[in-house]
Amino acid sequence: MTQNPHTDLPAMDAYWMPFTANRQFKKNPRLLARAEGMHYWTADGRQILDGVAGLWCVNAGHARARIVRAIAEQAAEMDYAPPFQMGHPKAFELAERVAALAPAGLNRVFFTNSGSESVDTALKIALAYHRSRGEASRTRLIGRERGYHGVNFGGISVGGMVANRKMFGSLLAGVDHIRHTHDPARNAFSRGQPAHGADLADDIERLVALHDASTIAAVIVEPVAGSTGVLVPPVGYLQRLRELCDKHGILLIFDEVITGFGRTGAPFAAQTFGVTPDLMTLAKGITNGCVPMGAVLASQKIHDTFMGGPEHVIELFHGYTYSAHPLACAAGIATLDTYADDGLLTRAATMQSTFVDALHTLREAPHVIDIRNIGLVGGIELAPRPGEPGKRAFEVFLNCFEQGVLIRTTGDTIALSPPLIIEAQQIGQIVETIGAALRRVA
Ligand SMILES: Cc1ncc(COP(=O)(O)O)c(C=O)c1O
């Protein structure tokens with residue numbers, strides 16, 4: 001490895017880091033070198049408690065032996081298999097296993113390599129579905145303000161985060177957005193689902209009145225918006241979205257890239273909230289973050305719509321070289337075994353009262369203007385420092401890292417999503433560390 005001539009760190013110029021303040025980072029790098037269970041260790045040997053499951057993905061904790069072994073064995077047995085016009089047994093096994101966990105009716109699984117790819121895949125399936133059934137005019141895609149659906153063109157078009165969109169031109173045509181559900185004036189410091197805002201789903205009626213339902217293919221939302229600061233759906237909101245989509249023949253897509261695999265207390269948020277979408281996007285926790293993988297779950301009805309033509313013809317002209325990669329499938333199966341053995345897909349429901357009680361001890365801490373939670377997801381919103389949005393929260397992040405706890409910040413919200421194996425004492429450590437950091441920053 002090329003060394004930085006002035007330090008014992010590697011040379012850092014070549015790596016253009018994603019979603020990172022590159023120049024700031026490279027002046028003061030934070031390098032992780034090892035991980036196990038609830039912890040990382042930095043390159044200089046400090047232990048860091050992981051408050052964010054890596055990036056909302058390491059739900060079973062780090063370096064789980066069964067998953068590590070499955071990946072190593074698979075690499076030795078068969079490193080790669082082409083997924084087009086060929087298959088391998090573990091792809092079918094994992095698809096069956098994922099479908100068995102999903103809400104009834106979502107039983108067809110299309111593999112991708114990331115959340116962003118899952119989102120673009122789901123949007124393409126929605127468009128092609130309407131076309132296959134003779135409603136080719138349904139081309140409009142509806143997202144939601146403050147939505148995050150990854151970084152590919154489809155995802156940023158339906159997404160609602162200004163920084164992710166403003167640099168990249170006109171994006172997909174024919175996209176519109178419903179309003180977000182964040183309403184601190186009425187809902188601040190709600191425990192679990194906020195009481196107010198189900199009526200915001202009626203925005204679909206507004207867009208139907210504007211564009212006509214016959215032009216709308218799908219609505220995509222995160223059941224719990226994560227990247228824009230943990231926005232928990234108001235009571236009744238998702239039910240209302242479902243009703244309105246049904247009323248107008250619009251597909252409902254849940255982006256469960258972060259909520260999937262136990263984060264909200266059930267395998268999927270669709271089950272936590274009792275609302276089943278037509279398509280669901282997954283990634284992250286599907287392999288415990290160990291090998292990149294994503295998936296789209298489709299209802300049988302959607303899938304079967306594609307199956308009407310001659311049998312020798314490819315039904316969906318879509319897929320990736322690494323769809324259902326053998327290493328990812330092996331990791332996925334071992335991950336689901338680990339979740340089952342440890343009861344992790346429902347553990348967030350058991351731990352959430354401890355978690356929410358601990359979070360709410362920060363209510364009187366300096367700068368805190370709201371606390372939001374569901375399952376093992378927590379958001380602590382800070383008042384922005386005048387003229388410097390996001391900077392205060394980022395300083396809290398740096399402070400916590402120095403004190404041995406990894407958190408994540410988005411704008412001025414601290415977003416917590418610890419591995420689902422977390423214990424009460426570790427929840428305490430995270431919250432105490434954040435509290436101390438809040439008292440330290442200006
Ligand atoms: C809801 C949601 N969708 C999509 C994505 C994109 O996933 P990826 O970074 O794997 O492309 C994310 C990532 O955090 C996400 O939170």
# chains A, B, ... in the order shown; residues from 1 in each chain; ligands from 1
>>> closest_atom_pairs(of="chain A", to="ligand 1", cutoff="10 Å", atoms="only C-alpha atoms and all ligand atoms", output="JSON lines")
{"residue": "A:Leu55", "atom": "CA", "partner": "ligand 1", "partner_atom_place_in_ligand_line": "14 (O)", "distance": 7.1}
{"residue": "A:Trp56", "atom": "CA", "partner": "ligand 1", "partner_atom_place_in_ligand_line": "14 (O)", "distance": 7.2}
{"residue": "A:Cys57", "atom": "CA", "partner": "ligand 1", "partner_atom_place_in_ligand_line": "14 (O)", "distance": 8.9}
{"residue": "A:Thr112", "atom": "CA", "partner": "ligand 1", "partner_atom_place_in_ligand_line": "10 (O)", "distance": 9.7}
{"residue": "A:Asn113", "atom": "CA", "partner": "ligand 1", "partner_atom_place_in_ligand_line": "10 (O)", "distance": 7.4}
{"residue": "A:Ser114", "atom": "CA", "partner": "ligand 1", "partner_atom_place_in_ligand_line": "10 (O)", "distance": 3.8}
{"residue": "A:Gly115", "atom": "CA", "partner": "ligand 1", "partner_atom_place_in_ligand_line": "7 (O)", "distance": 3.2}
{"residue": "A:Ser116", "atom": "CA", "partner": "ligand 1", "partner_atom_place_in_ligand_line": "11 (O)", "distance": 3.5}
{"residue": "A:Glu117", "atom": "CA", "partner": "ligand 1", "partner_atom_place_in_ligand_line": "11 (O)", "distance": 6.3}
{"residue": "A:Ser118", "atom": "CA", "partner": "ligand 1", "partner_atom_place_in_ligand_line": "4 (C)", "distance": 7.5}
{"residue": "A:Val119", "atom": "CA", "partner": "ligand 1", "partner_atom_place_in_ligand_line": "4 (C)", "distance": 6.5}
{"residue": "A:Asp120", "atom": "CA", "partner": "ligand 1", "partner_atom_place_in_ligand_line": "4 (C)", "distance": 9.6}
{"residue": "A:Gly147", "atom": "CA", "partner": "ligand 1", "partner_atom_place_in_ligand_line": "1 (C)", "distance": 7.6}
{"residue": "A:Tyr148", "atom": "CA", "partner": "ligand 1", "partner_atom_place_in_ligand_line": "1 (C)", "distance": 5.3}
{"residue": "A:His149", "atom": "CA", "partner": "ligand 1", "partner_atom_place_in_ligand_line": "3 (N)", "distance": 3.8}
{"residue": "A:Gly150", "atom": "CA", "partner": "ligand 1", "partner_atom_place_in_ligand_line": "6 (C)", "distance": 3.5}
{"residue": "A:Val151", "atom": "CA", "partner": "ligand 1", "partner_atom_place_in_ligand_line": "11 (O)", "distance": 6.4}
{"residue": "A:Asn152", "atom": "CA", "partner": "ligand 1", "partner_atom_place_in_ligand_line": "11 (O)", "distance": 7.8}
{"residue": "A:Gly155", "atom": "CA", "partner": "ligand 1", "partner_atom_place_in_ligand_line": "4 (C)", "distance": 7.5}
{"residue": "A:Ile156", "atom": "CA", "partner": "ligand 1", "partner_atom_place_in_ligand_line": "4 (C)", "distance": 9.7}
{"residue": "A:Gly159", "atom": "CA", "partner": "ligand 1", "partner_atom_place_in_ligand_line": "3 (N)", "distance": 9.1}
{"residue": "A:Val221", "atom": "CA", "partner": "ligand 1", "partner_atom_place_in_ligand_line": "1 (C)", "distance": 8.2}
{"residue": "A:Glu222", "atom": "CA", "partner": "ligand 1", "partner_atom_place_in_ligand_line": "1 (C)", "distance": 5.6}
{"residue": "A:Pro223", "atom": "CA", "partner": "ligand 1", "partner_atom_place_in_ligand_line": "1 (C)", "distance": 8.6}
{"residue": "A:Val224", "atom": "CA", "partner": "ligand 1", "partner_atom_place_in_ligand_line": "1 (C)", "distance": 8.2}
{"residue": "A:Ala225", "atom": "CA", "partner": "ligand 1", "partner_atom_place_in_ligand_line": "1 (C)", "distance": 6.7}
{"residue": "A:Gly226", "atom": "CA", "partner": "ligand 1", "partner_atom_place_in_ligand_line": "16 (O)", "distance": 5.8}
{"residue": "A:Ser227", "atom": "CA", "partner": "ligand 1", "partner_atom_place_in_ligand_line": "16 (O)", "distance": 5.7}
{"residue": "A:Thr228", "atom": "CA", "partner": "ligand 1", "partner_atom_place_in_ligand_line": "16 (O)", "distance": 9.1}
{"residue": "A:Phe254", "atom": "CA", "partner": "ligand 1", "partner_atom_place_in_ligand_line": "1 (C)", "distance": 8.8}
{"residue": "A:Asp255", "atom": "CA", "partner": "ligand 1", "partner_atom_place_in_ligand_line": "1 (C)", "distance": 5.3}
{"residue": "A:Glu256", "atom": "CA", "partner": "ligand 1", "partner_atom_place_in_ligand_line": "1 (C)", "distance": 6.0}
{"residue": "A:Val257", "atom": "CA", "partner": "ligand 1", "partner_atom_place_in_ligand_line": "2 (C)", "distance": 4.8}
{"residue": "A:Ile258", "atom": "CA", "partner": "ligand 1", "partner_atom_place_in_ligand_line": "16 (O)", "distance": 5.2}
{"residue": "A:Thr259", "atom": "CA", "partner": "ligand 1", "partner_atom_place_in_ligand_line": "1 (C)", "distance": 7.7}
{"residue": "A:Gly260", "atom": "CA", "partner": "ligand 1", "partner_atom_place_in_ligand_line": "1 (C)", "distance": 9.6}
{"residue": "A:Thr281", "atom": "CA", "partner": "ligand 1", "partner_atom_place_in_ligand_line": "3 (N)", "distance": 7.6}
{"residue": "A:Leu282", "atom": "CA", "partner": "ligand 1", "partner_atom_place_in_ligand_line": "3 (N)", "distance": 8.0}
{"residue": "A:Ala283", "atom": "CA", "partner": "ligand 1", "partner_atom_place_in_ligand_line": "10 (O)", "distance": 6.1}
{"residue": "A:Lys284", "atom": "CA", "partner": "ligand 1", "partner_atom_place_in_ligand_line": "10 (O)", "distance": 6.3}
{"residue": "A:Gly289", "atom": "CA", "partner": "ligand 1", "partner_atom_place_in_ligand_line": "10 (O)", "distance": 9.5}
{"residue": "A:Pro292", "atom": "CA", "partner": "ligand 1", "partner_atom_place_in_ligand_line": "10 (O)", "distance": 7.7}
{"residue": "A:Met293", "atom": "CA", "partner": "ligand 1", "partner_atom_place_in_ligand_line": "10 (O)", "distance": 7.9}
{"residue": "A:Gly294", "atom": "CA", "partner": "ligand 1", "partner_atom_place_in_ligand_line": "10 (O)", "distance": 7.3}
>>> residues_around(residues="Asp79 of chain A", least_positions_apart="4", cutoff="12 Å", atoms="only C-alpha atoms", output="list in words")
Ile71, Ala72, Glu73, Gln74, Ala75, His88, Tyr322, Ala324, His325, Pro326, Leu327, Ala328, Cys329 and Ala330 of chain A
>>> select_by_dssp(residues="segment 70-290 of chain A", states="strand (DSSP E)", output="ChimeraX atom specification")
/A:106-112,140-144,175-178,216-221,251-255,279-282
>>> atom_distance(atom1="atom CA of Leu438 of chain A", atom2="atom CA of Thr413 of chain A")
12.3 Å
>>> residues_around(residues="Val58 of chain A", least_positions_apart="3", cutoff="7 Å", atoms="only C-alpha atoms", output="PDB file with C-alpha atoms, in the first residue's frame")
ATOM      1  CA  ALA A  53     -25.569  -1.034  12.374  1.00  0.00           C
ATOM      2  CA  GLY A  54     -22.862   0.154  10.003  1.00  0.00           C
ATOM      3  CA  GLY A  61     -24.128  -7.454  14.622  1.00  0.00           C
ATOM      4  CA  HIS A  62     -20.701  -7.757  13.054  1.00  0.00           C
ATOM      5  CA  GLY A 285     -30.167  -6.355   6.140  1.00  0.00           C
ATOM      6  CA  ASN A 288     -26.467  -8.405   7.217  1.00  0.00           C
ATOM      7  CA  GLY A 289     -24.459  -5.935   5.147  1.00  0.00           C
ATOM      8  CA  PRO A 419     -27.732  -3.703  15.521  1.00  0.00           C
TER       9      PRO A 419
END
>>> closest_residue(among="A:Pro83, A:Thr121, A:Gln239, A:Ile250", to="Thr215 of chain A", atoms="only C-alpha atoms")
A:Ile250
>>> closest_residue(among="A:Asp246, A:Tyr80, A:Asp8, A:His211", to="Thr321 of chain A", atoms="only C-alpha atoms")
A:Tyr80
>>> residues_around(residues="Ala340 of chain A", least_positions_apart="3", cutoff="12 Å", atoms="only C-alpha atoms", output="number ranges by chain")
A: 60, 97, 101, 261-262, 267, 333-337, 343-347
>>> residues_around(residues="Val431 of chain A", least_positions_apart="6", cutoff="8 Å", atoms="only C-alpha atoms", output="PDB file with C-alpha atoms, in the first residue's frame")
ATOM      1  CA  ALA A 358     -33.570   6.101  27.090  1.00  0.00           C
ATOM      2  CA  LEU A 359     -33.982   8.402  24.069  1.00  0.00           C
ATOM      3  CA  LEU A 362     -32.482  13.608  26.139  1.00  0.00           C
TER       4      LEU A 362
END
